Amino acid sequence: MRRLSANYIYPINKPPLKNGIVEISDDGKVQTIIDTKGELKESRNLEFYNGVITPGFVNTHCHLELSRLKGELKQNTGLPNFLKEIVNYRKQGNSKDSFKAIELYDGLMKQKGIVAIGDISNTDLTITTKINSKIYYHSFIEAIGLGANFDKVLEVNRKLFNGFLNNNLSASIVPHAPYSVSKELFQRIKEFAETNNSIISIHNQESDSERQFFMNKSGGLVETFSKIGIDLNQWKPTGKNSIESIIDWLPKNNNIIFVHNTFSKKEDVDLVNDKVQNAYWCLCPLSNLYIENKLPDFDIFNQFSDNVTLGTDSLASNTTLSILDEMKTIVKNYNKIDFEKLLRWGTLNGAKALQIDKKFGSIEKGKTPGLNLISNFDFEKMQITDKSEVKVLA
């Protein structure tokens, strides 16, 4: 049994506790949370830390298999050029460096206080690491295809999906993005998700070129598809933006994580929330800056705070895989959010989106959420700072 205390404990499911105490078993399960009313007395075997204790972080969007691309792709080139570079990378095949990078950054994410991840998987590269990892993973098997061979695409995805399940790893089959999946393939994914009650993840409105593509078949995506050999002769623009065009092709009752949302407007979010029962909005600000040099409209998502989550994206589009660094970026660019709400984005909301909130996301009796210490905390403003650091306590 361990007894831990700090200047504040943030359970998430209740207000922060000044000088609170959390008791955990040797395997990290929360036994008791004690509200000392701020009056902490000397106690035997009590570990006291300067800073705030939080649950472990939940990263709802990552591409672990792209880890060896750190520093390889230029910044601020825009999504179409970024996609072209990713396609070229995949054509090169995998190497020992890929496996080494995957192992390395799985361990580093654990050191950065991440306990659970929604991870995009296009291959089986990460299976061995995930089997042995101390992090919980839900793998999103991405389907990509605009052509008529949608049944073959789904067959390949099913084999990969079964490969994860056969190793007792949680997984779903999901659409990559509105602009990379045909209506027929969307329909197959929808049927599969409804049958299996799967969690869906989809890249959403990450670039204005996505809107141009659907409105009138113009913009950078058209140029990129031409360069990488994708035939768009049969593809017809809808005259509407991307989310309006595909929203009815998604399941209505499944958890759906819309990722990036860099160019989303209030009416887009309202449309999705009206059509989808359990919509979550994953923000990856450092990746948005890396690719498009633009951030989402945080004012919009602050209004739907119970359904906002955080992600890191990949090292192809980020310099770090740290939820704390994503939080710092939001605070630096948006001063209207308090730490308690922001922390919920990086913990409990993500756990709910991945349907693991019975174990992760909040410091509650019976859960094993992991415990992080955030130091260099501004107690006057009750907010993290550029110098804040995370240390894993349990």
# chains A, B, ... in the order shown; residues from 1 in each chain; ligands from 1
call {"tool": "residues_around", "arguments": {"residues": "stretch 333-347 of chain A", "least_positions_apart": "5", "cutoff": "10 Å", "atoms": "only C-alpha atoms", "output": "mmCIF file with N, CA and C atoms, in the first residue's frame"}}
result
data_model
loop_
_atom_site.group_PDB
_atom_site.id
_atom_site.type_symbol
_atom_site.label_atom_id
_atom_site.label_comp_id
_atom_site.auth_asym_id
_atom_site.auth_seq_id
_atom_site.Cartn_x
_atom_site.Cartn_y
_atom_site.Cartn_z
ATOM 1 N N TYR A 10 -6.038 16.097 -8.475
ATOM 2 C CA TYR A 10 -7.147 16.298 -9.416
ATOM 3 C C TYR A 10 -7.772 14.944 -9.745
ATOM 4 N N PRO A 11 -8.850 14.556 -9.029
ATOM 5 C CA PRO A 11 -9.469 13.255 -9.315
ATOM 6 C C PRO A 11 -10.198 13.224 -10.665
ATOM 7 N N ILE A 12 -10.607 14.376 -11.170
ATOM 8 C CA ILE A 12 -11.365 14.596 -12.407
ATOM 9 C C ILE A 12 -12.859 14.425 -12.193
ATOM 10 N N ASN A 13 -13.278 13.377 -11.501
ATOM 11 C CA ASN A 13 -14.713 13.161 -11.274
ATOM 12 C C ASN A 13 -15.260 14.031 -10.152
ATOM 13 N N PRO A 15 -14.100 17.915 -7.679
ATOM 14 C CA PRO A 15 -13.178 19.059 -7.642
ATOM 15 C C PRO A 15 -11.816 18.683 -7.056
ATOM 16 N N PRO A 16 -10.786 19.468 -7.398
ATOM 17 C CA PRO A 16 -9.446 19.176 -6.877
ATOM 18 C C PRO A 16 -9.392 19.254 -5.358
ATOM 19 N N THR A 54 -2.342 13.913 -10.957
ATOM 20 C CA THR A 54 -3.437 13.722 -11.915
ATOM 21 C C THR A 54 -3.525 12.254 -12.318
ATOM 22 N N PRO A 55 -4.623 11.865 -12.952
ATOM 23 C CA PRO A 55 -4.664 10.522 -13.549
ATOM 24 C C PRO A 55 -3.672 10.445 -14.718
ATOM 25 N N GLY A 56 -3.354 9.238 -15.141
ATOM 26 C CA GLY A 56 -2.540 9.061 -16.340
ATOM 27 C C GLY A 56 -3.244 9.635 -17.555
ATOM 28 N N PHE A 57 -2.469 10.079 -18.535
ATOM 29 C CA PHE A 57 -3.022 10.703 -19.729
ATOM 30 C C PHE A 57 -3.535 9.658 -20.709
ATOM 31 N N VAL A 58 -4.548 10.049 -21.488
ATOM 32 C CA VAL A 58 -5.097 9.211 -22.563
ATOM 33 C C VAL A 58 -4.890 9.936 -23.883
ATOM 34 N N ASN A 59 -4.167 9.308 -24.783
ATOM 35 C CA ASN A 59 -3.837 9.856 -26.105
ATOM 36 C C ASN A 59 -4.756 9.178 -27.125
ATOM 37 N N THR A 60 -5.749 9.900 -27.609
ATOM 38 C CA THR A 60 -6.750 9.249 -28.462
ATOM 39 C C THR A 60 -6.397 9.221 -29.948
ATOM 40 N N ILE A 114 1.543 8.694 -20.294
ATOM 41 C CA ILE A 114 0.424 8.198 -21.108
ATOM 42 C C ILE A 114 0.134 6.747 -20.745
ATOM 43 N N VAL A 115 -1.122 6.454 -20.416
ATOM 44 C CA VAL A 115 -1.494 5.105 -19.993
ATOM 45 C C VAL A 115 -2.347 4.380 -21.018
ATOM 46 N N ALA A 116 -2.938 5.121 -21.950
ATOM 47 C CA ALA A 116 -3.817 4.500 -22.946
ATOM 48 C C ALA A 116 -3.754 5.301 -24.236
ATOM 49 N N TRP A 281 -14.347 14.839 -30.108
ATOM 50 C CA TRP A 281 -13.540 15.737 -30.930
ATOM 51 C C TRP A 281 -12.105 15.718 -30.431
ATOM 52 N N CYS A 282 -11.234 15.073 -31.183
ATOM 53 C CA CYS A 282 -9.839 14.936 -30.783
ATOM 54 C C CYS A 282 -9.007 16.063 -31.402
ATOM 55 N N LEU A 283 -8.330 16.806 -30.549
ATOM 56 C CA LEU A 283 -7.482 17.908 -30.997
ATOM 57 C C LEU A 283 -6.012 17.514 -30.868
ATOM 58 N N PRO A 285 -3.032 19.769 -31.509
ATOM 59 C CA PRO A 285 -2.557 21.091 -31.933
ATOM 60 C C PRO A 285 -1.129 21.128 -32.466
ATOM 61 N N LEU A 295 -4.279 26.321 -36.064
ATOM 62 C CA LEU A 295 -4.889 25.646 -34.930
ATOM 63 C C LEU A 295 -6.406 25.607 -35.075
ATOM 64 N N ASP A 297 -10.346 26.107 -33.934
ATOM 65 C CA ASP A 297 -11.019 27.186 -33.225
ATOM 66 C C ASP A 297 -11.398 26.666 -31.836
ATOM 67 N N PHE A 298 -10.537 26.919 -30.845
ATOM 68 C CA PHE A 298 -10.756 26.381 -29.507
ATOM 69 C C PHE A 298 -12.041 26.906 -28.876
ATOM 70 N N ASP A 299 -12.485 28.095 -29.286
ATOM 71 C CA ASP A 299 -13.739 28.637 -28.757
ATOM 72 C C ASP A 299 -14.907 27.691 -29.037
ATOM 73 N N ASN A 302 -14.537 24.459 -26.792
ATOM 74 C CA ASN A 302 -14.726 24.762 -25.375
ATOM 75 C C ASN A 302 -16.202 24.662 -24.990
ATOM 76 N N SER A 305 -17.140 20.754 -24.123
ATOM 77 C CA SER A 305 -15.939 20.319 -23.418
ATOM 78 C C SER A 305 -15.988 18.870 -22.944
ATOM 79 N N ASP A 306 -17.162 18.343 -22.674
ATOM 80 C CA ASP A 306 -17.264 16.962 -22.193
ATOM 81 C C ASP A 306 -16.926 15.946 -23.266
ATOM 82 N N ASN A 307 -16.830 16.394 -24.510
ATOM 83 C CA ASN A 307 -16.575 15.466 -25.609
ATOM 84 C C ASN A 307 -15.296 15.792 -26.379
ATOM 85 N N VAL A 308 -14.420 16.570 -25.767
ATOM 86 C CA VAL A 308 -13.146 16.903 -26.412
ATOM 87 C C VAL A 308 -12.046 16.027 -25.827
ATOM 88 N N THR A 309 -11.205 15.480 -26.696
ATOM 89 C CA THR A 309 -10.077 14.662 -26.277
ATOM 90 C C THR A 309 -8.799 15.215 -26.909
ATOM 91 N N LEU A 310 -7.659 14.658 -26.516
ATOM 92 C CA LEU A 310 -6.383 15.117 -27.039
ATOM 93 C C LEU A 310 -5.608 13.973 -27.677
ATOM 94 N N GLY A 311 -4.837 14.309 -28.716
ATOM 95 C CA GLY A 311 -3.982 13.334 -29.374
ATOM 96 C C GLY A 311 -2.649 13.959 -29.728
ATOM 97 N N ILE A 323 1.181 14.296 -24.251
ATOM 98 C CA ILE A 323 -0.096 14.970 -24.020
ATOM 99 C C ILE A 323 0.119 16.271 -23.242
ATOM 100 N N LEU A 324 1.071 16.281 -22.319
ATOM 101 C CA LEU A 324 1.357 17.516 -21.591
ATOM 102 C C LEU A 324 1.800 18.625 -22.546
ATOM 103 N N GLU A 326 0.921 18.925 -25.662
ATOM 104 C CA GLU A 326 -0.284 19.364 -26.379
ATOM 105 C C GLU A 326 -1.081 20.345 -25.509
ATOM 106 N N MET A 327 -1.174 20.037 -24.219
ATOM 107 C CA MET A 327 -1.881 20.917 -23.292
ATOM 108 C C MET A 327 -1.180 22.276 -23.197
ATOM 109 N N LYS A 328 0.145 22.263 -23.140
ATOM 110 C CA LYS A 328 0.897 23.519 -23.092
ATOM 111 C C LYS A 328 0.612 24.376 -24.323
ATOM 112 N N LYS A 352 -13.382 7.745 -21.983
ATOM 113 C CA LYS A 352 -14.764 7.485 -22.387
ATOM 114 C C LYS A 352 -14.852 7.213 -23.892
ATOM 115 N N ASP A 357 -13.212 3.820 -19.519
ATOM 116 C CA ASP A 357 -13.308 4.694 -18.358
ATOM 117 C C ASP A 357 -13.624 3.948 -17.064
ATOM 118 N N PHE A 360 -9.565 3.654 -16.506
ATOM 119 C CA PHE A 360 -8.694 4.814 -16.709
ATOM 120 C C PHE A 360 -9.477 6.126 -16.629
ATOM 121 N N GLY A 361 -8.732 7.231 -16.580
ATOM 122 C CA GLY A 361 -9.333 8.545 -16.794
ATOM 123 C C GLY A 361 -9.597 9.376 -15.564
ATOM 124 N N SER A 362 -9.772 8.756 -14.404
ATOM 125 C CA SER A 362 -10.047 9.518 -13.181
ATOM 126 C C SER A 362 -9.540 8.740 -11.986
ATOM 127 N N PRO A 369 -5.818 3.995 -12.773
ATOM 128 C CA PRO A 369 -5.704 5.016 -13.810
ATOM 129 C C PRO A 369 -4.278 5.464 -14.111
ATOM 130 N N LYS A 381 -2.257 31.028 -10.721
ATOM 131 C CA LYS A 381 -3.215 30.961 -11.824
ATOM 132 C C LYS A 381 -3.895 29.596 -11.910
ATOM 133 N N MET A 382 -3.411 28.627 -11.123
ATOM 134 C CA MET A 382 -3.895 27.239 -11.180
ATOM 135 C C MET A 382 -3.855 26.738 -12.617
ATOM 136 N N GLN A 383 -2.636 26.789 -13.175
ATOM 137 C CA GLN A 383 -2.465 26.427 -14.585
ATOM 138 C C GLN A 383 -1.047 25.900 -14.808
ATOM 139 N N ILE A 384 -0.893 25.066 -15.821
ATOM 140 C CA ILE A 384 0.444 24.614 -16.208
ATOM 141 C C ILE A 384 1.211 25.774 -16.830
#
call {"tool": "residues_around", "arguments": {"residues": "stretch 251-262 of chain A", "least_positions_apart": "3", "cutoff": "6 Å", "atoms": "only C-alpha atoms", "output": "PyMOL selection string"}}
result
chain A and resi 190+199-206+276-284+295-296
call {"tool": "closest_residue", "arguments": {"among": "A:Lys29, A:Ala6, A:Leu125, A:Phe192", "to": "A:Ala394", "atoms": "only C-alpha atoms"}}
result
A:Lys29
call {"tool": "select_by_dssp", "arguments": {"residues": "stretch 164-246 of chain A", "states": "alpha helix (DSSP H)", "output": "ChimeraX atom specification"}}
result
/A:164-165,183-196,208-216,220-227,242-246
call {"tool": "residues_around", "arguments": {"residues": "A:Ala171", "least_positions_apart": "4", "cutoff": "7 Å", "atoms": "only C-alpha atoms", "output": "PyMOL selection string"}}
result
chain A and resi 138-141+161+164-165
call {"tool": "write_last_selection", "arguments": {"atoms": "N, CA and C atoms", "output": "CSV table (one decimal), in the first residue's frame"}}
result
chain,number,residue,atom,x,y,z
A,138,HIS,N,-5.8,0.7,-28.1
A,138,HIS,CA,-6.9,0.3,-29.0
A,138,HIS,C,-6.4,0.7,-30.4
A,139,SER,N,-6.3,-0.3,-31.3
A,139,SER,CA,-5.8,0.0,-32.7
A,139,SER,C,-6.9,0.2,-33.7
A,140,PHE,N,-6.8,1.3,-34.4
A,140,PHE,CA,-7.7,1.6,-35.4
A,140,PHE,C,-7.2,1.2,-36.8
A,141,ILE,N,-7.7,0.1,-37.3
A,141,ILE,CA,-7.3,-0.4,-38.6
A,141,ILE,C,-7.9,0.5,-39.7
A,161,PHE,N,-7.2,-6.8,-38.8
A,161,PHE,CA,-8.1,-6.7,-37.6
A,161,PHE,C,-8.0,-8.0,-36.8
A,164,PHE,N,-4.8,-8.5,-34.8
A,164,PHE,CA,-4.8,-7.8,-33.5
A,164,PHE,C,-5.6,-8.6,-32.5
A,165,LEU,N,-6.9,-9.0,-32.9
A,165,LEU,CA,-7.7,-9.7,-32.0
A,165,LEU,C,-7.2,-11.0,-31.5
call {"tool": "residues_around", "arguments": {"residues": "A:Glu72", "least_positions_apart": "2", "cutoff": "12 Å", "atoms": "only C-alpha atoms", "output": "MDAnalysis selection string"}}
result
chainID A and resid 66:70 74:75 82 85:86 89 314:319
call {"tool": "write_last_selection", "arguments": {"atoms": "C-alpha atoms", "output": "compact mmCIF listing (two decimals), in the first residue's frame"}}
result
# COMPACT_ATOMS: atom_id res chain seq x y z
CA LEU A 66 5.39 6.09 -38.21
CA SER A 67 7.79 6.69 -35.34
CA ARG A 68 10.97 6.38 -37.40
CA LEU A 69 9.93 9.45 -39.41
CA LYS A 70 10.82 11.90 -36.66
CA LYS A 74 9.35 19.27 -43.68
CA GLN A 75 7.06 21.46 -41.62
CA PHE A 82 2.41 15.72 -46.33
CA GLU A 85 5.52 12.14 -48.51
CA ILE A 86 3.78 9.51 -46.37
CA TYR A 89 7.62 6.45 -47.23
CA SER A 314 2.71 10.82 -35.24
CA LEU A 315 6.37 11.73 -35.18
CA ALA A 316 6.01 12.34 -38.91
CA SER A 317 4.01 15.44 -37.94
CA ASN A 318 5.21 16.19 -34.43
CA THR A 319 8.46 16.52 -32.54
call {"tool": "residues_around", "arguments": {"residues": "A:Gln187", "least_positions_apart": "2", "cutoff": "10 Å", "atoms": "only C-alpha atoms", "output": "NGL selection string"}}
result
:A and (150 or 181-185 or 189-193 or 248-251)
call {"tool": "residues_around", "arguments": {"residues": "A:Asn88", "least_positions_apart": "3", "cutoff": "12 Å", "atoms": "only C-alpha atoms", "output": "NGL selection string"}}
result
:A and (69 or 73 or 81-85 or 91-93 or 224 or 227-229)
call {"tool": "write_last_selection", "arguments": {"atoms": "N, CA and C atoms", "output": "compact mmCIF listing (two decimals), in the first residue's frame"}}
result
# COMPACT_ATOMS: atom_id res chain seq x y z
N LEU A 69 9.93 8.28 -38.55
CA LEU A 69 9.93 9.45 -39.41
C LEU A 69 10.18 10.76 -38.66
N LEU A 73 10.16 14.77 -42.31
CA LEU A 73 9.26 15.52 -43.19
C LEU A 73 9.29 17.00 -42.85
N ASN A 81 0.83 17.84 -49.55
CA ASN A 81 2.24 17.49 -49.68
C ASN A 81 2.66 16.50 -48.60
N PHE A 82 2.12 16.65 -47.41
CA PHE A 82 2.41 15.72 -46.33
C PHE A 82 1.97 14.31 -46.71
N LEU A 83 0.76 14.18 -47.24
CA LEU A 83 0.25 12.87 -47.65
C LEU A 83 1.12 12.23 -48.73
N LYS A 84 1.59 13.05 -49.67
CA LYS A 84 2.45 12.54 -50.73
C LYS A 84 3.73 11.95 -50.15
N GLU A 85 4.30 12.63 -49.16
CA GLU A 85 5.52 12.14 -48.51
C GLU A 85 5.26 10.84 -47.75
N LYS A 91 6.05 3.22 -49.57
CA LYS A 91 6.56 2.46 -50.72
C LYS A 91 7.97 1.92 -50.45
N GLN A 92 8.69 2.54 -49.53
CA GLN A 92 10.05 2.11 -49.22
C GLN A 92 10.07 0.83 -48.40
N GLY A 93 8.94 0.49 -47.81
CA GLY A 93 8.89 -0.70 -46.97
C GLY A 93 9.40 -0.41 -45.57
N THR A 224 -2.31 16.05 -55.52
CA THR A 224 -1.60 14.96 -54.86
C THR A 224 -2.06 13.61 -55.37
N LYS A 227 -0.53 12.87 -58.67
CA LYS A 227 0.90 12.56 -58.60
C LYS A 227 1.15 11.15 -58.07
N ILE A 228 0.29 10.65 -57.20
CA ILE A 228 0.52 9.31 -56.65
C ILE A 228 -0.27 8.23 -57.38
N GLY A 229 -0.91 8.64 -58.49
CA GLY A 229 -1.53 7.65 -59.37
C GLY A 229 -2.93 7.21 -59.02
call {"tool": "decode", "arguments": {"residues": "stretch 1-106 of chain A", "atoms": "C-alpha atoms", "output": "CSV table (one decimal), in the first residue's frame"}}
result
chain,number,residue,atom,x,y,z
A,1,MET,CA,0.0,0.0,0.0
A,2,ARG,CA,1.3,3.5,-0.9
A,3,ARG,CA,-0.1,6.8,0.3
A,4,LEU,CA,0.6,9.8,-2.0
A,5,SER,CA,-0.1,13.5,-1.5
A,6,ALA,CA,0.6,16.7,-3.3
A,7,ASN,CA,-0.3,20.4,-3.2
A,8,TYR,CA,-3.4,19.4,-5.1
A,9,ILE,CA,-4.9,16.1,-6.3
A,10,TYR,CA,-7.1,16.3,-9.4
A,11,PRO,CA,-9.5,13.3,-9.3
A,12,ILE,CA,-11.4,14.6,-12.4
A,13,ASN,CA,-14.7,13.2,-11.3
A,14,LYS,CA,-14.8,15.7,-8.4
A,15,PRO,CA,-13.2,19.1,-7.6
A,16,PRO,CA,-9.4,19.2,-6.9
A,17,LEU,CA,-8.4,18.3,-3.3
A,18,LYS,CA,-5.9,20.6,-1.7
A,19,ASN,CA,-3.3,18.5,0.2
A,20,GLY,CA,-5.4,15.5,-0.6
A,21,ILE,CA,-4.2,11.9,-0.2
A,22,VAL,CA,-4.7,8.9,-2.5
A,23,GLU,CA,-4.0,5.4,-1.3
A,24,ILE,CA,-3.2,2.8,-3.9
A,25,SER,CA,-2.4,-0.9,-3.8
A,26,ASP,CA,0.9,-2.3,-5.0
A,27,ASP,CA,-0.6,-2.9,-8.5
A,28,GLY,CA,-1.7,0.8,-8.7
A,29,LYS,CA,-5.4,0.3,-7.9
A,30,VAL,CA,-7.0,3.2,-6.1
A,31,GLN,CA,-8.1,2.2,-2.6
A,32,THR,CA,-9.1,5.4,-0.9
A,33,ILE,CA,-9.1,9.2,-1.7
A,34,ILE,CA,-8.9,11.3,1.4
A,35,ASP,CA,-10.0,15.0,1.5
A,36,THR,CA,-8.0,16.5,4.2
A,37,LYS,CA,-9.8,19.9,3.8
A,38,GLY,CA,-6.4,21.3,3.1
A,39,GLU,CA,-5.0,20.4,6.5
A,40,LEU,CA,-2.3,17.8,5.9
A,41,LYS,CA,-0.8,16.3,9.0
A,42,GLU,CA,2.5,14.4,9.2
A,43,SER,CA,1.7,10.8,8.6
A,44,ARG,CA,3.6,7.6,8.5
A,45,ASN,CA,4.7,6.4,5.1
A,46,LEU,CA,3.2,9.4,3.3
A,47,GLU,CA,4.8,10.4,0.1
A,48,PHE,CA,4.4,14.2,-0.4
A,49,TYR,CA,5.2,15.8,-3.8
A,50,ASN,CA,5.3,19.5,-4.8
A,51,GLY,CA,3.0,19.9,-7.7
A,52,VAL,CA,-0.4,18.3,-8.7
A,53,ILE,CA,-1.3,14.7,-8.9
A,54,THR,CA,-3.4,13.7,-11.9
A,55,PRO,CA,-4.7,10.5,-13.5
A,56,GLY,CA,-2.5,9.1,-16.3
A,57,PHE,CA,-3.0,10.7,-19.7
A,58,VAL,CA,-5.1,9.2,-22.6
A,59,ASN,CA,-3.8,9.9,-26.1
A,60,THR,CA,-6.7,9.2,-28.5
A,61,HIS,CA,-4.8,9.7,-31.7
A,62,CYS,CA,-1.4,8.4,-32.5
A,63,HIS,CA,0.4,6.7,-35.4
A,64,LEU,CA,3.0,4.6,-33.5
A,65,GLU,CA,4.1,2.8,-36.7
A,66,LEU,CA,5.4,6.1,-38.2
A,67,SER,CA,7.8,6.7,-35.3
A,68,ARG,CA,11.0,6.4,-37.4
A,69,LEU,CA,9.9,9.5,-39.4
A,70,LYS,CA,10.8,11.9,-36.7
A,71,GLY,CA,12.4,15.0,-38.3
A,72,GLU,CA,12.2,13.5,-41.8
A,73,LEU,CA,9.3,15.5,-43.2
A,74,LYS,CA,9.4,19.3,-43.7
A,75,GLN,CA,7.1,21.5,-41.6
A,76,ASN,CA,4.3,23.8,-42.9
A,77,THR,CA,4.0,22.2,-46.3
A,78,GLY,CA,0.3,21.6,-46.0
A,79,LEU,CA,-1.7,18.3,-45.9
A,80,PRO,CA,-1.6,17.4,-49.6
A,81,ASN,CA,2.2,17.5,-49.7
A,82,PHE,CA,2.4,15.7,-46.3
A,83,LEU,CA,0.2,12.9,-47.6
A,84,LYS,CA,2.5,12.5,-50.7
A,85,GLU,CA,5.5,12.1,-48.5
A,86,ILE,CA,3.8,9.5,-46.4
A,87,VAL,CA,2.8,7.5,-49.5
A,88,ASN,CA,6.5,7.6,-50.7
A,89,TYR,CA,7.6,6.5,-47.2
A,90,ARG,CA,5.3,3.5,-47.3
A,91,LYS,CA,6.6,2.5,-50.7
A,92,GLN,CA,10.0,2.1,-49.2
A,93,GLY,CA,8.9,-0.7,-47.0
A,94,ASN,CA,9.9,-1.3,-43.4
A,95,SER,CA,13.2,-1.8,-41.8
A,96,LYS,CA,14.8,-2.7,-38.4
A,97,ASP,CA,14.8,1.0,-37.7
A,98,SER,CA,11.0,1.0,-37.8
A,99,PHE,CA,10.7,-1.7,-35.1
A,100,LYS,CA,13.4,0.1,-33.0
A,101,ALA,CA,11.6,3.4,-33.2
A,102,ILE,CA,8.2,1.8,-32.3
A,103,GLU,CA,9.8,0.2,-29.2
A,104,LEU,CA,11.6,3.4,-28.2
A,105,TYR,CA,8.6,5.7,-28.4
A,106,ASP,CA,6.2,3.3,-26.8
